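Trainee: What follows is target-v4.pdb, made up of PDB, C-alpha atoms:
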```pdb
ATOM      1  CA  MET A   1      -1.148  14.279 -33.497
ATOM      2  CA  TYR A   2       2.123  12.935 -34.832
ATOM      3  CA  ASN A   3       1.528  11.355 -38.245
ATOM      4  CA  ASN A   4      -1.860  13.036 -38.189
ATOM      5  CA  GLU A   5      -3.098  11.633 -41.513
ATOM      6  CA  LEU A   6      -2.237   8.038 -40.571
ATOM      7  CA  LYS A   7      -3.862   8.235 -37.140
ATOM      8  CA  THR A   8      -6.953   9.965 -38.525
ATOM      9  CA  ARG A   9      -7.388   7.128 -41.013
ATOM     10  CA  PHE A  10      -7.073   4.614 -38.191
ATOM     11  CA  ILE A  11      -9.690   6.377 -36.057
ATOM     12  CA  ARG A  12     -12.135   6.401 -38.965
ATOM     13  CA  ASP A  13     -11.574   2.683 -39.538
ATOM     14  CA  TYR A  14     -11.598   1.803 -35.836
ATOM     15  CA  THR A  15     -14.803   3.351 -34.561
ATOM     16  CA  GLN A  16     -17.995   5.181 -35.413
ATOM     17  CA  SER A  17     -18.444   6.274 -31.811
ATOM     18  CA  ILE A  18     -17.765   9.968 -31.220
ATOM     19  CA  ASN A  19     -16.776   9.264 -27.616
ATOM     20  CA  THR A  20     -14.262   6.558 -28.590
ATOM     21  CA  ALA A  21     -12.890   8.766 -31.365
ATOM     22  CA  ASN A  22     -12.388  11.563 -28.848
ATOM     23  CA  VAL A  23     -10.542   9.233 -26.466
ATOM     24  CA  ALA A  24      -8.334   8.073 -29.350
ATOM     25  CA  THR A  25      -7.545  11.663 -30.369
ATOM     26  CA  THR A  26      -6.722  12.565 -26.769
ATOM     27  CA  VAL A  27      -4.357   9.653 -26.198
ATOM     28  CA  PHE A  28      -2.622  10.176 -29.544
ATOM     29  CA  THR A  29      -2.189  13.875 -28.723
ATOM     30  CA  ALA A  30      -0.660  12.953 -25.358
ATOM     31  CA  MET A  31       1.800  10.638 -27.125
ATOM     32  CA  GLU A  32       2.811  13.293 -29.648
ATOM     33  CA  PRO A  33       5.659  14.939 -27.624
ATOM     34  CA  PHE A  34       7.371  11.573 -27.194
ATOM     35  CA  GLU A  35       6.996  10.752 -30.876
ATOM     36  CA  GLU A  36       8.461  14.152 -31.709
ATOM     37  CA  ASP A  37      11.480  13.374 -29.518
ATOM     38  CA  TRP A  38      11.869  10.008 -31.210
ATOM     39  CA  GLN A  39      11.099  11.451 -34.622
ATOM     40  CA  ALA A  40       9.181   8.241 -35.128
ATOM     41  CA  ASP A  41       5.649   6.922 -34.834
ATOM     42  CA  LEU A  42       4.837   4.922 -31.727
ATOM     43  CA  CYS A  43       3.946   1.952 -33.940
ATOM     44  CA  THR A  44       7.665   1.555 -34.739
ATOM     45  CA  LYS A  45       8.941   1.484 -31.152
ATOM     46  CA  THR A  46       9.868  -1.518 -29.035
ATOM     47  CA  ALA A  47       8.140  -2.513 -25.808
ATOM     48  CA  GLU A  48      11.200  -1.406 -23.833
ATOM     49  CA  GLU A  49      10.993   2.068 -25.350
ATOM     50  CA  LEU A  50       7.229   2.338 -24.973
ATOM     51  CA  GLN A  51       6.677   0.938 -21.466
ATOM     52  CA  PRO A  52       7.922   3.951 -19.443
ATOM     53  CA  VAL A  53       6.053   6.335 -21.714
ATOM     54  CA  ILE A  54       2.814   4.386 -21.474
ATOM     55  CA  ASP A  55       3.144   4.128 -17.694
ATOM     56  CA  LYS A  56       3.530   7.883 -17.505
ATOM     57  CA  VAL A  57       0.954   8.990 -20.062
ATOM     58  CA  VAL A  58      -1.861   6.479 -19.872
ATOM     59  CA  ALA A  59      -1.925   5.271 -16.278
ATOM     60  CA  LEU A  60      -1.732   8.721 -14.699
ATOM     61  CA  ARG A  61      -3.515  11.069 -17.063
ATOM     62  CA  PHE A  62      -6.541   9.169 -18.269
ATOM     63  CA  ARG A  63      -9.582   7.956 -16.401
ATOM     64  CA  SER A  64     -10.212   5.775 -19.472
ATOM     65  CA  GLN A  65      -6.789   4.133 -19.156
ATOM     66  CA  TRP A  66      -7.969   0.684 -20.218
ATOM     67  CA  MET A  67      -9.729   2.019 -23.299
ATOM     68  CA  SER A  68      -6.642   4.083 -24.091
ATOM     69  CA  LEU A  69      -4.381   1.045 -23.897
ATOM     70  CA  ASN A  70      -6.720  -0.941 -26.124
ATOM     71  CA  ILE A  71      -6.813   1.869 -28.666
ATOM     72  CA  LEU A  72      -3.012   2.031 -28.789
ATOM     73  CA  LYS A  73      -2.765  -1.740 -29.211
ATOM     74  CA  GLU A  74      -5.426  -1.745 -31.932
ATOM     75  CA  TYR A  75      -3.616   1.123 -33.657
ATOM     76  CA  VAL A  76      -0.384  -0.871 -33.809
ATOM     77  CA  ARG A  77      -2.206  -3.989 -35.048
ATOM     78  CA  TRP A  78      -3.808  -1.821 -37.731
ATOM     79  CA  CYS A  79      -0.439  -0.310 -38.720
ATOM     80  CA  MET A  80       1.085  -3.769 -39.048
ATOM     81  CA  ALA A  81      -1.864  -4.951 -41.154
ATOM     82  CA  MET A  82      -1.543  -1.829 -43.331
ATOM     83  CA  ARG A  83       2.183  -2.534 -43.707
ATOM     84  CA  VAL A  84       3.233   0.851 -42.344
ATOM     85  CA  PRO A  85       7.038   1.021 -42.730
ATOM     86  CA  GLY A  86       8.793   0.034 -39.504
ATOM     87  CA  ALA A  87       5.613  -1.034 -37.691
ATOM     88  CA  CYS A  88       6.316  -3.736 -35.096
ATOM     89  CA  ASP A  89       4.600  -5.469 -32.180
ATOM     90  CA  GLY A  90       6.243  -3.419 -29.423
ATOM     91  CA  MET A  91       2.961  -1.950 -28.172
ATOM     92  CA  LEU A  92       1.356  -5.392 -28.178
ATOM     93  CA  ARG A  93       3.916  -6.501 -25.593
ATOM     94  CA  ILE A  94       3.113  -3.714 -23.154
ATOM     95  CA  THR A  95       1.909  -4.864 -19.752
ATOM     96  CA  ALA A  96      -0.361  -2.969 -17.386
ATOM     97  CA  ALA A  97      -0.784  -3.161 -13.631
ATOM     98  CA  GLY A  98      -4.100  -4.429 -12.349
ATOM     99  CA  LEU A  99      -4.697  -7.122 -14.952
ATOM    100  CA  ASP A 100      -3.559 -10.139 -12.930
ATOM    101  CA  LYS A 101      -6.607  -9.774 -10.687
ATOM    102  CA  VAL A 102      -8.899  -9.907 -13.720
ATOM    103  CA  LYS A 103      -7.162 -13.049 -15.003
ATOM    104  CA  HIS A 104      -7.722 -14.786 -11.662
ATOM    105  CA  GLN A 105     -11.318 -13.678 -11.103
ATOM    106  CA  MET A 106     -12.941 -13.778 -14.551
ATOM    107  CA  VAL A 107     -13.070 -15.995 -17.629
ATOM    108  CA  SER A 108     -12.542 -15.112 -21.266
ATOM    109  CA  SER A 109     -15.010 -17.451 -22.982
ATOM    110  CA  PRO A 110     -17.432 -20.373 -22.534
ATOM    111  CA  PHE A 111     -14.505 -22.728 -23.154
ATOM    112  CA  HIS A 112     -12.521 -21.036 -20.370
ATOM    113  CA  LEU A 113     -15.451 -21.368 -17.948
ATOM    114  CA  GLN A 114     -15.835 -25.041 -18.852
ATOM    115  CA  GLN A 115     -12.148 -25.592 -18.075
ATOM    116  CA  TYR A 116     -12.702 -24.144 -14.599
ATOM    117  CA  LEU A 117     -15.829 -26.234 -13.997
ATOM    118  CA  ASP A 118     -13.988 -29.388 -15.072
ATOM    119  CA  ALA A 119     -11.200 -28.595 -12.615
ATOM    120  CA  VAL A 120     -13.536 -28.031  -9.667
ATOM    121  CA  PHE A 121     -16.523 -30.356 -10.156
ATOM    122  CA  SER A 122     -17.131 -33.964 -11.134
ATOM    123  CA  LYS A 123     -17.765 -34.765 -14.781
ATOM    124  CA  GLU A 124     -21.274 -34.297 -16.103
ATOM    125  CA  GLU A 125     -21.553 -37.962 -17.070
ATOM    126  CA  ASP A 126     -20.942 -38.950 -13.436
ATOM    127  CA  GLU A 127     -24.517 -37.727 -12.845
ATOM    128  CA  MET A 128     -23.754 -36.146  -9.493
ATOM    129  CA  LEU A 129     -25.126 -33.065  -7.766
ATOM    130  CA  ASP A 130     -22.223 -31.094  -9.227
ATOM    131  CA  ASN A 131     -24.326 -30.711 -12.382
ATOM    132  CA  LEU A 132     -26.439 -28.163 -10.475
ATOM    133  CA  TYR A 133     -23.342 -26.204  -9.482
ATOM    134  CA  ARG A 134     -22.329 -26.139 -13.114
ATOM    135  CA  CYS A 135     -25.784 -24.891 -14.141
ATOM    136  CA  TYR A 136     -25.631 -22.196 -11.455
ATOM    137  CA  TYR A 137     -22.541 -20.713 -13.069
ATOM    138  CA  TRP A 138     -23.793 -21.288 -16.618
ATOM    139  CA  MET A 139     -26.957 -19.341 -15.785
ATOM    140  CA  ALA A 140     -24.800 -16.542 -14.386
ATOM    141  CA  TYR A 141     -22.717 -16.554 -17.575
ATOM    142  CA  GLY A 142     -25.860 -16.394 -19.691
ATOM    143  CA  GLY A 143     -27.173 -13.349 -17.828
ATOM    144  CA  ILE A 144     -29.609 -14.734 -15.244
ATOM    145  CA  GLN A 145     -29.550 -12.740 -11.989
ATOM    146  CA  ASP A 146     -28.600 -14.478  -8.748
ATOM    147  CA  ASP A 147     -31.993 -13.713  -7.201
ATOM    148  CA  ASP A 148     -33.719 -15.514 -10.075
ATOM    149  CA  VAL A 149     -31.657 -18.707 -10.319
ATOM    150  CA  LEU A 150     -33.755 -20.774  -7.923
ATOM    151  CA  SER A 151     -36.968 -19.735  -9.693
ATOM    152  CA  VAL A 152     -35.927 -20.945 -13.154
ATOM    153  CA  LYS A 153     -38.099 -23.898 -14.128
ATOM    154  CA  VAL A 154     -37.298 -26.946 -16.201
ATOM    155  CA  SER A 155     -39.819 -25.681 -18.747
ATOM    156  CA  ASP A 156     -37.830 -22.449 -19.120
ATOM    157  CA  VAL A 157     -34.933 -24.387 -20.654
ATOM    158  CA  ASN A 158     -35.301 -24.499 -24.428
ATOM    159  CA  PHE A 159     -32.799 -26.832 -26.051
ATOM    160  CA  THR A 160     -34.181 -26.140 -29.521
ATOM    161  CA  GLU A 161     -33.507 -22.420 -29.286
ATOM    162  CA  MET A 162     -30.450 -22.970 -27.026
ATOM    163  CA  CYS A 163     -31.652 -20.513 -24.417
ATOM    164  CA  ILE A 164     -33.314 -20.095 -21.035
ATOM    165  CA  GLN A 165     -36.387 -17.925 -21.298
ATOM    166  CA  TYR A 166     -37.050 -16.511 -17.833
ATOM    167  CA  GLY A 167     -39.261 -13.458 -17.490
ATOM    168  CA  ASP A 168     -37.857 -10.756 -19.777
ATOM    169  CA  THR A 169     -34.460 -12.471 -19.920
ATOM    170  CA  SER A 170     -33.401 -14.772 -22.727
ATOM    171  CA  ALA A 171     -30.116 -16.292 -21.563
ATOM    172  CA  PRO A 172     -28.085 -18.249 -24.130
ATOM    173  CA  ILE A 173     -27.109 -21.841 -23.428
ATOM    174  CA  TYR A 174     -23.602 -22.371 -24.746
ATOM    175  CA  ARG A 175     -22.536 -25.644 -26.345
ATOM    176  CA  GLU A 176     -20.213 -26.468 -23.447
ATOM    177  CA  ALA A 177     -23.127 -26.169 -20.994
ATOM    178  CA  LEU A 178     -25.447 -28.652 -22.728
ATOM    179  CA  PRO A 179     -24.456 -31.825 -20.815
ATOM    180  CA  ALA A 180     -25.013 -30.180 -17.416
ATOM    181  CA  PHE A 181     -28.361 -28.688 -18.434
ATOM    182  CA  HIS A 182     -29.582 -31.967 -19.928
ATOM    183  CA  ASN A 183     -28.813 -33.703 -16.638
ATOM    184  CA  ALA A 184     -30.474 -30.969 -14.569
ATOM    185  CA  VAL A 185     -33.579 -31.130 -16.758
ATOM    186  CA  GLU A 186     -33.875 -34.870 -17.334
ATOM    187  CA  LEU A 187     -32.481 -36.737 -14.316
ATOM    188  CA  THR A 188     -34.823 -37.639 -11.454
ATOM    189  CA  SER A 189     -31.930 -38.655  -9.197
ATOM    190  CA  PHE A 190     -28.219 -37.993  -8.698
ATOM    191  CA  LEU A 191     -25.390 -40.253  -7.645
ATOM    192  CA  TYR A 192     -24.002 -39.575  -4.184
ATOM    193  CA  ARG A 193     -20.638 -40.629  -2.767
ATOM    194  CA  HIS A 194     -21.128 -41.716   0.830
ATOM    195  CA  PRO A 195     -17.949 -42.189   2.906
ATOM    196  CA  ASN A 196     -19.291 -45.486   4.256
ATOM    197  CA  TYR A 197     -19.969 -47.039   0.855
ATOM    198  CA  ALA A 198     -17.442 -48.267  -1.695
ATOM    199  CA  LYS A 199     -19.609 -47.199  -4.617
ATOM    200  CA  PRO A 200     -21.783 -44.119  -5.124
ATOM    201  CA  ILE A 201     -25.453 -44.543  -4.273
ATOM    202  CA  ARG A 202     -28.325 -42.972  -6.175
ATOM    203  CA  ARG A 203     -30.548 -40.504  -4.357
ATOM    204  CA  ASP A 204     -33.837 -39.121  -5.672
ATOM    205  CA  ARG A 205     -34.228 -35.406  -6.246
ATOM    206  CA  ILE A 206     -37.065 -33.721  -4.418
ATOM    207  CA  PRO A 207     -40.249 -33.396  -6.498
ATOM    208  CA  GLY A 208     -40.835 -30.107  -8.277
ATOM    209  CA  ASP A 209     -40.572 -28.206 -11.539
ATOM    210  CA  THR A 210     -37.575 -25.976 -10.776
ATOM    211  CA  LEU A 211     -34.196 -26.634 -12.388
ATOM    212  CA  ILE A 212     -32.010 -26.359  -9.276
ATOM    213  CA  ARG A 213     -33.352 -29.271  -7.215
ATOM    214  CA  GLY A 214     -31.164 -31.529  -5.152
ATOM    215  CA  TYR A 215     -31.823 -34.238  -2.577
ATOM    216  CA  ARG A 216     -33.419 -31.625  -0.342
ATOM    217  CA  ALA A 217     -34.946 -28.187  -0.842
ATOM    218  CA  ILE A 218     -32.568 -25.372  -1.816
ATOM    219  CA  THR A 219     -34.168 -22.177  -0.571
ATOM    220  CA  GLN A 220     -31.181 -19.821  -0.773
ATOM    221  CA  THR A 221     -28.364 -19.500  -3.285
ATOM    222  CA  SER A 222     -26.023 -18.944  -0.337
ATOM    223  CA  ASN A 223     -26.268 -22.703   0.303
ATOM    224  CA  LEU A 224     -25.048 -23.377  -3.221
ATOM    225  CA  ARG A 225     -22.279 -20.811  -2.936
ATOM    226  CA  SER A 226     -21.021 -22.287   0.343
ATOM    227  CA  ASN A 227     -20.667 -25.786  -1.110
ATOM    228  CA  MET A 228     -19.112 -24.456  -4.298
ATOM    229  CA  SER A 229     -16.643 -22.354  -2.327
ATOM    230  CA  HIS A 230     -15.365 -25.422  -0.472
ATOM    231  CA  LEU A 231     -14.957 -27.377  -3.704
ATOM    232  CA  SER A 232     -13.187 -24.449  -5.358
ATOM    233  CA  ALA A 233     -10.812 -24.015  -2.405
ATOM    234  CA  ASP A 234      -9.937 -27.722  -2.562
ATOM    235  CA  ALA A 235      -9.245 -27.487  -6.299
ATOM    236  CA  ILE A 236      -6.961 -24.498  -5.764
ATOM    237  CA  LYS A 237      -5.037 -26.296  -2.982
ATOM    238  CA  GLN A 238      -4.602 -29.298  -5.274
ATOM    239  CA  GLY A 239      -3.255 -27.075  -8.044
ATOM    240  CA  LYS A 240      -6.119 -27.850 -10.405
ATOM    241  CA  THR A 241      -6.992 -24.173 -10.964
ATOM    242  CA  GLU A 242      -5.882 -20.673  -9.998
ATOM    243  CA  LEU A 243      -9.227 -19.062 -10.696
ATOM    244  CA  GLN A 244     -11.315 -17.614  -7.861
ATOM    245  CA  LEU A 245     -14.739 -17.113  -9.397
ATOM    246  CA  SER A 246     -17.997 -15.828  -7.979
ATOM    247  CA  PHE A 247     -21.491 -15.597  -9.431
ATOM    248  CA  TYR A 248     -21.105 -11.879 -10.170
ATOM    249  CA  ARG A 249     -17.678 -12.269 -11.790
ATOM    250  CA  VAL A 250     -19.003 -15.063 -13.989
ATOM    251  CA  TRP A 251     -22.057 -12.916 -14.826
ATOM    252  CA  MET A 252     -19.792 -10.033 -15.854
ATOM    253  CA  SER A 253     -17.574 -12.372 -17.886
ATOM    254  CA  GLY A 254     -20.608 -13.512 -19.865
ATOM    255  CA  LEU A 255     -21.815  -9.942 -20.323
ATOM    256  CA  PHE A 256     -18.431  -8.872 -21.684
ATOM    257  CA  TYR A 257     -18.141 -11.930 -23.938
ATOM    258  CA  ARG A 258     -21.481 -11.163 -25.578
ATOM    259  CA  MET A 259     -20.600  -7.480 -25.901
ATOM    260  CA  TYR A 260     -17.346  -8.477 -27.579
ATOM    261  CA  GLU A 261     -19.282 -10.632 -30.038
ATOM    262  CA  ARG A 262     -21.387  -7.571 -30.846
ATOM    263  CA  GLU A 263     -18.273  -5.431 -31.245
ATOM    264  CA  ARG A 264     -16.712  -7.935 -33.650
ATOM    265  CA  ALA A 265     -19.908  -7.814 -35.686
ATOM    266  CA  GLY A 266     -19.505  -4.048 -36.048
ATOM    267  CA  MET A 267     -22.199  -3.140 -33.523
ATOM    268  CA  PRO A 268     -21.691  -0.315 -31.007
ATOM    269  CA  VAL A 269     -20.414  -1.088 -27.509
ATOM    270  CA  ASP A 270     -22.776   0.522 -25.018
ATOM    271  CA  PHE A 271     -23.557  -0.514 -21.446
ATOM    272  CA  THR A 272     -26.102   2.187 -20.608
ATOM    273  CA  GLY A 273     -28.983  -0.178 -21.353
ATOM    274  CA  VAL A 274     -27.466  -2.824 -19.082
ATOM    275  CA  ALA A 275     -27.013  -0.270 -16.314
ATOM    276  CA  ALA A 276     -30.597   0.966 -16.672
ATOM    277  CA  ALA A 277     -31.977  -2.579 -16.539
ATOM    278  CA  LEU A 278     -29.982  -3.422 -13.424
ATOM    279  CA  MET A 279     -31.059  -0.232 -11.665
ATOM    280  CA  ALA A 280     -34.731  -0.555 -12.621
ATOM    281  CA  GLY A 281     -37.081  -0.979  -9.676
ATOM    282  CA  LYS A 282     -34.403  -0.135  -7.104
ATOM    283  CA  THR A 283     -34.347   2.874  -4.792
ATOM    284  CA  TYR A 284     -31.354   5.204  -4.826
ATOM    285  CA  VAL A 285     -30.571   8.207  -2.659
ATOM    286  CA  ILE A 286     -29.921  11.024  -5.099
ATOM    287  CA  LYS A 287     -28.140  14.080  -3.725
ATOM    288  CA  GLY A 288     -28.118  17.586  -5.133
ATOM    289  CA  ARG A 289     -28.974  17.906  -8.794
ATOM    290  CA  THR A 290     -27.815  14.436  -9.712
ATOM    291  CA  LYS A 291     -30.513  12.523 -11.571
ATOM    292  CA  ILE A 292     -31.024   8.794 -11.839
ATOM    293  CA  GLU A 293     -30.126   9.025 -15.545
ATOM    294  CA  HIS A 294     -26.719  10.400 -14.555
ATOM    295  CA  ARG A 295     -26.178   7.444 -12.238
ATOM    296  CA  GLN A 296     -27.114   5.082 -15.056
ATOM    297  CA  ARG A 297     -24.674   6.726 -17.457
ATOM    298  CA  GLN A 298     -21.927   6.621 -14.834
ATOM    299  CA  ARG A 299     -22.550   2.955 -14.181
ATOM    300  CA  GLY A 300     -22.495   2.325 -17.918
ATOM    301  CA  ARG A 301     -19.106   4.062 -18.130
ATOM    302  CA  ASP A 302     -17.847   1.922 -15.242
ATOM    303  CA  TYR A 303     -18.866  -1.214 -17.121
ATOM    304  CA  MET A 304     -17.085   0.121 -20.197
ATOM    305  CA  GLU A 305     -13.877   0.565 -18.176
ATOM    306  CA  ASP A 306     -14.158  -2.952 -16.782
ATOM    307  CA  TYR A 307     -14.846  -4.270 -20.276
ATOM    308  CA  GLN A 308     -11.711  -2.636 -21.684
ATOM    309  CA  ARG A 309      -9.660  -4.038 -18.808
ATOM    310  CA  TRP A 310     -11.161  -7.520 -19.406
ATOM    311  CA  LYS A 311     -10.133  -7.351 -23.073
ATOM    312  CA  LEU A 312      -6.606  -6.312 -22.138
ATOM    313  CA  ALA A 313      -6.267  -9.019 -19.486
ATOM    314  CA  PHE A 314      -7.128 -11.781 -21.947
ATOM    315  CA  SER A 315      -5.432 -10.139 -24.969
ATOM    316  CA  ILE A 316      -8.742  -9.974 -26.818
TER
END
```
Mind turning this structure into structure tokens?
Mentor:
Amino acid sequence: MYNNELKTRFIRDYTQSINTANVATTVFTAMEPFEEDWQADLCTKTAEELQPVIDKVVALRFRSQWMSLNILKEYVRWCMAMRVPGACDGMLRITAAGLDKVKHQMVSSPFHLQQYLDAVFSKEEDEMLDNLYRCYYWMAYGGIQDDDVLSVKVSDVNFTEMCIQYGDTSAPIYREALPAFHNAVELTSFLYRHPNYAKPIRRDRIPGDTLIRGYRAITQTSNLRSNMSHLSADAIKQGKTELQLSFYRVWMSGLFYRMYERERAGMPVDFTGVAAALMAGKTYVIKGRTKIEHRQRQRGRDYMEDYQRWKLAFSI
């Protein structure tokens, strides 16, 4: 590695994971010939100088391209913080193909999700059915599976602990989600805008103890998704939002946000447990000598790649 001592110090400060350290060593080694030609560390180069090199080295040679890009960006941030002579923000200005899709299909934080919900649905205080649509996405963001949403009961919502306790899942309720959840838990009716009436009319919710209850029974989440899709399409046409979200993309956004919180707290980033939980109880056709544990590890690595890309897309 060029500037071996400096980069070794960075790796030691950056991670305790052997795998991440190996990726860092590999990408730094791949950058070494270019640094030798420059006779300068990559942390001192401009975006214009770095972009063609990064496109050539990272995008083509590494399966872990998103992790590699994040490592290089974190290295330059570290060099600037350590006041390495000549260190500049060139690497931080590098762009990567494939990130626009992430920006349009995922969210970076609870605040970002709330912005989308405000653009698409009526306000919580309007006390309309839209509160249920909001809760549908907030449950996804908290980690509830789509198959379980309609089974969550009012009693599962714990405002004291700020969580939804459903089965083995404890899904956090974020501050931005509180108004929608309070309405879904406490209201016995919703306001309804009828085209033949000047003012909204109030319609009773069907009796029951489940959270997602409207004027009539909701037996499939596909019914929710269909209505939400129409409202989202209208918001996009009106220029209120550019986001195209789905339950799964919101679920992944929440997963990555919580993993990032763990990472900032110095905890290891590992998706193998998530992969194992998602694959539990399902049947897979395993060919050759491949074992289910291998599939779980592969899926965990896929989540790691998506996580690194999510961080890059939102400059986290």
Trainee: List, as an NGL selection string, every residue that the PyMOL selection byres ((chain A and resi 10) around 10) selects in the file provided.
Mentor: :A and (4-9 or 11-15 or 21 or 24 or 71 or 74-76 or 78-79 or 82)
Trainee: Find the residues around stretch 154-168 of chain A up to 8 Å (only C-alpha atoms counted), leave out those fewer than 3 positions away in its own chain, and share them as a PDB file with C-alpha atoms, keeping the file's coordinate frame.
Mentor:
```pdb
ATOM      1  CA  ALA A 171     -30.116 -16.292 -21.563  1.00  0.00           C
ATOM      2  CA  PRO A 172     -28.085 -18.249 -24.130  1.00  0.00           C
ATOM      3  CA  ILE A 173     -27.109 -21.841 -23.428  1.00  0.00           C
ATOM      4  CA  TYR A 174     -23.602 -22.371 -24.746  1.00  0.00           C
ATOM      5  CA  VAL A 185     -33.579 -31.130 -16.758  1.00  0.00           C
ATOM      6  CA  ASP A 209     -40.572 -28.206 -11.539  1.00  0.00           C
ATOM      7  CA  THR A 210     -37.575 -25.976 -10.776  1.00  0.00           C
ATOM      8  CA  LEU A 211     -34.196 -26.634 -12.388  1.00  0.00           C
TER       9      LEU A 211
END
```
Trainee: Sorted by chain and rising residue number, list the residues of stretch 9-48 of chain A at most 12 Å from stretch 270-273 of chain A (counting all atoms listed in the file), each with its closest atom pair and distance in Å to one decimal, as CSV.
Mentor:
```
residue,atom,partner,partner_atom,distance
A:Ser17,CA,A:Asp270,CA,9.9
A:Asn19,CA,A:Asp270,CA,10.9
A:Thr20,CA,A:Asp270,CA,11.0
```
Trainee: Out of A:Asp100, A:Glu48, A:Asp234, A:Asp146, which residue has the shortest atom-to-atom distance to A:Trp251 when counting all atoms listed in the file?
Mentor: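 Result for the nearest residue to A:Trp251: A:Asp146.
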Trainee: Do you know which residues the PyMOL selection byres ((chain A and resi 195-206) around 12) returns on this file, as a list of chain:residue names?
Mentor: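 Evaluating the PyMOL selection byres ((chain A and resi 195-206) around 12) on these coordinates yields A:Asp126, A:Glu127, A:Met128, A:Leu129, A:Leu132, A:Asn183, A:Ala184, A:Val185, A:Glu186, A:Leu187, A:Thr188, A:Ser189, A:Phe190, A:Leu191, A:Tyr192, A:Arg193, A:His194, A:Pro207, A:Gly208, A:Asp209, A:Thr210, A:Leu211, A:Ile212, A:Arg213, A:Gly214, A:Tyr215, A:Arg216, A:Ala217, A:Ile218.
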Trainee: Only C-alpha atoms, please: the residues just picked out, written as an mmCIF file, in the frame of the given file.
Mentor:
```cif
data_model
loop_
_atom_site.group_PDB
_atom_site.id
_atom_site.type_symbol
_atom_site.label_atom_id
_atom_site.label_comp_id
_atom_site.auth_asym_id
_atom_site.auth_seq_id
_atom_site.Cartn_x
_atom_site.Cartn_y
_atom_site.Cartn_z
ATOM 1 C CA ASP A 126 -20.942 -38.950 -13.436
ATOM 2 C CA GLU A 127 -24.517 -37.727 -12.845
ATOM 3 C CA MET A 128 -23.754 -36.146 -9.493
ATOM 4 C CA LEU A 129 -25.126 -33.065 -7.766
ATOM 5 C CA LEU A 132 -26.439 -28.163 -10.475
ATOM 6 C CA ASN A 183 -28.813 -33.703 -16.638
ATOM 7 C CA ALA A 184 -30.474 -30.969 -14.569
ATOM 8 C CA VAL A 185 -33.579 -31.130 -16.758
ATOM 9 C CA GLU A 186 -33.875 -34.870 -17.334
ATOM 10 C CA LEU A 187 -32.481 -36.737 -14.316
ATOM 11 C CA THR A 188 -34.823 -37.639 -11.454
ATOM 12 C CA SER A 189 -31.930 -38.655 -9.197
ATOM 13 C CA PHE A 190 -28.219 -37.993 -8.698
ATOM 14 C CA LEU A 191 -25.390 -40.253 -7.645
ATOM 15 C CA TYR A 192 -24.002 -39.575 -4.184
ATOM 16 C CA ARG A 193 -20.638 -40.629 -2.767
ATOM 17 C CA HIS A 194 -21.128 -41.716 0.830
ATOM 18 C CA PRO A 207 -40.249 -33.396 -6.498
ATOM 19 C CA GLY A 208 -40.835 -30.107 -8.277
ATOM 20 C CA ASP A 209 -40.572 -28.206 -11.539
ATOM 21 C CA THR A 210 -37.575 -25.976 -10.776
ATOM 22 C CA LEU A 211 -34.196 -26.634 -12.388
ATOM 23 C CA ILE A 212 -32.010 -26.359 -9.276
ATOM 24 C CA ARG A 213 -33.352 -29.271 -7.215
ATOM 25 C CA GLY A 214 -31.164 -31.529 -5.152
ATOM 26 C CA TYR A 215 -31.823 -34.238 -2.577
ATOM 27 C CA ARG A 216 -33.419 -31.625 -0.342
ATOM 28 C CA ALA A 217 -34.946 -28.187 -0.842
ATOM 29 C CA ILE A 218 -32.568 -25.372 -1.816
#
```
Trainee: Provide the atom CA of A:Pro110 to atom CA of A:Gly300 distance in Å, to one decimal place.
Mentor: 23.7 Å
Trainee: Might you spell out which residues the PyMOL selection byres ((chain A and resi 235-242) around 6) would select in the displayed file, as a PyMOL selection string?
Mentor: chain A and resi 119-120+232-234+243
Trainee: Could you work out how far atom CA of A:Gln220 lies from atom CA of A:Leu113, giving the answer in Å with one decimal?
Mentor: 23.3 Å
Trainee: With only C-alpha atoms as the basis for distance, which of A:Leu69, A:Leu312, A:Ala280, A:Val107 is at the shortest distance from A:Tyr257?
Mentor: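 Among the listed residues, the smallest separation from A:Tyr257 belongs to A:Val107.
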Trainee: Restricting the calculation to only C-alpha atoms, which member of A:Cys43, A:Leu224, A:Ala180, A:Met106 is positioned closest to A:Val149?
Mentor: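 Comparing A:Cys43, A:Leu224, A:Ala180, A:Met106 against A:Val149, the winner is A:Leu224.
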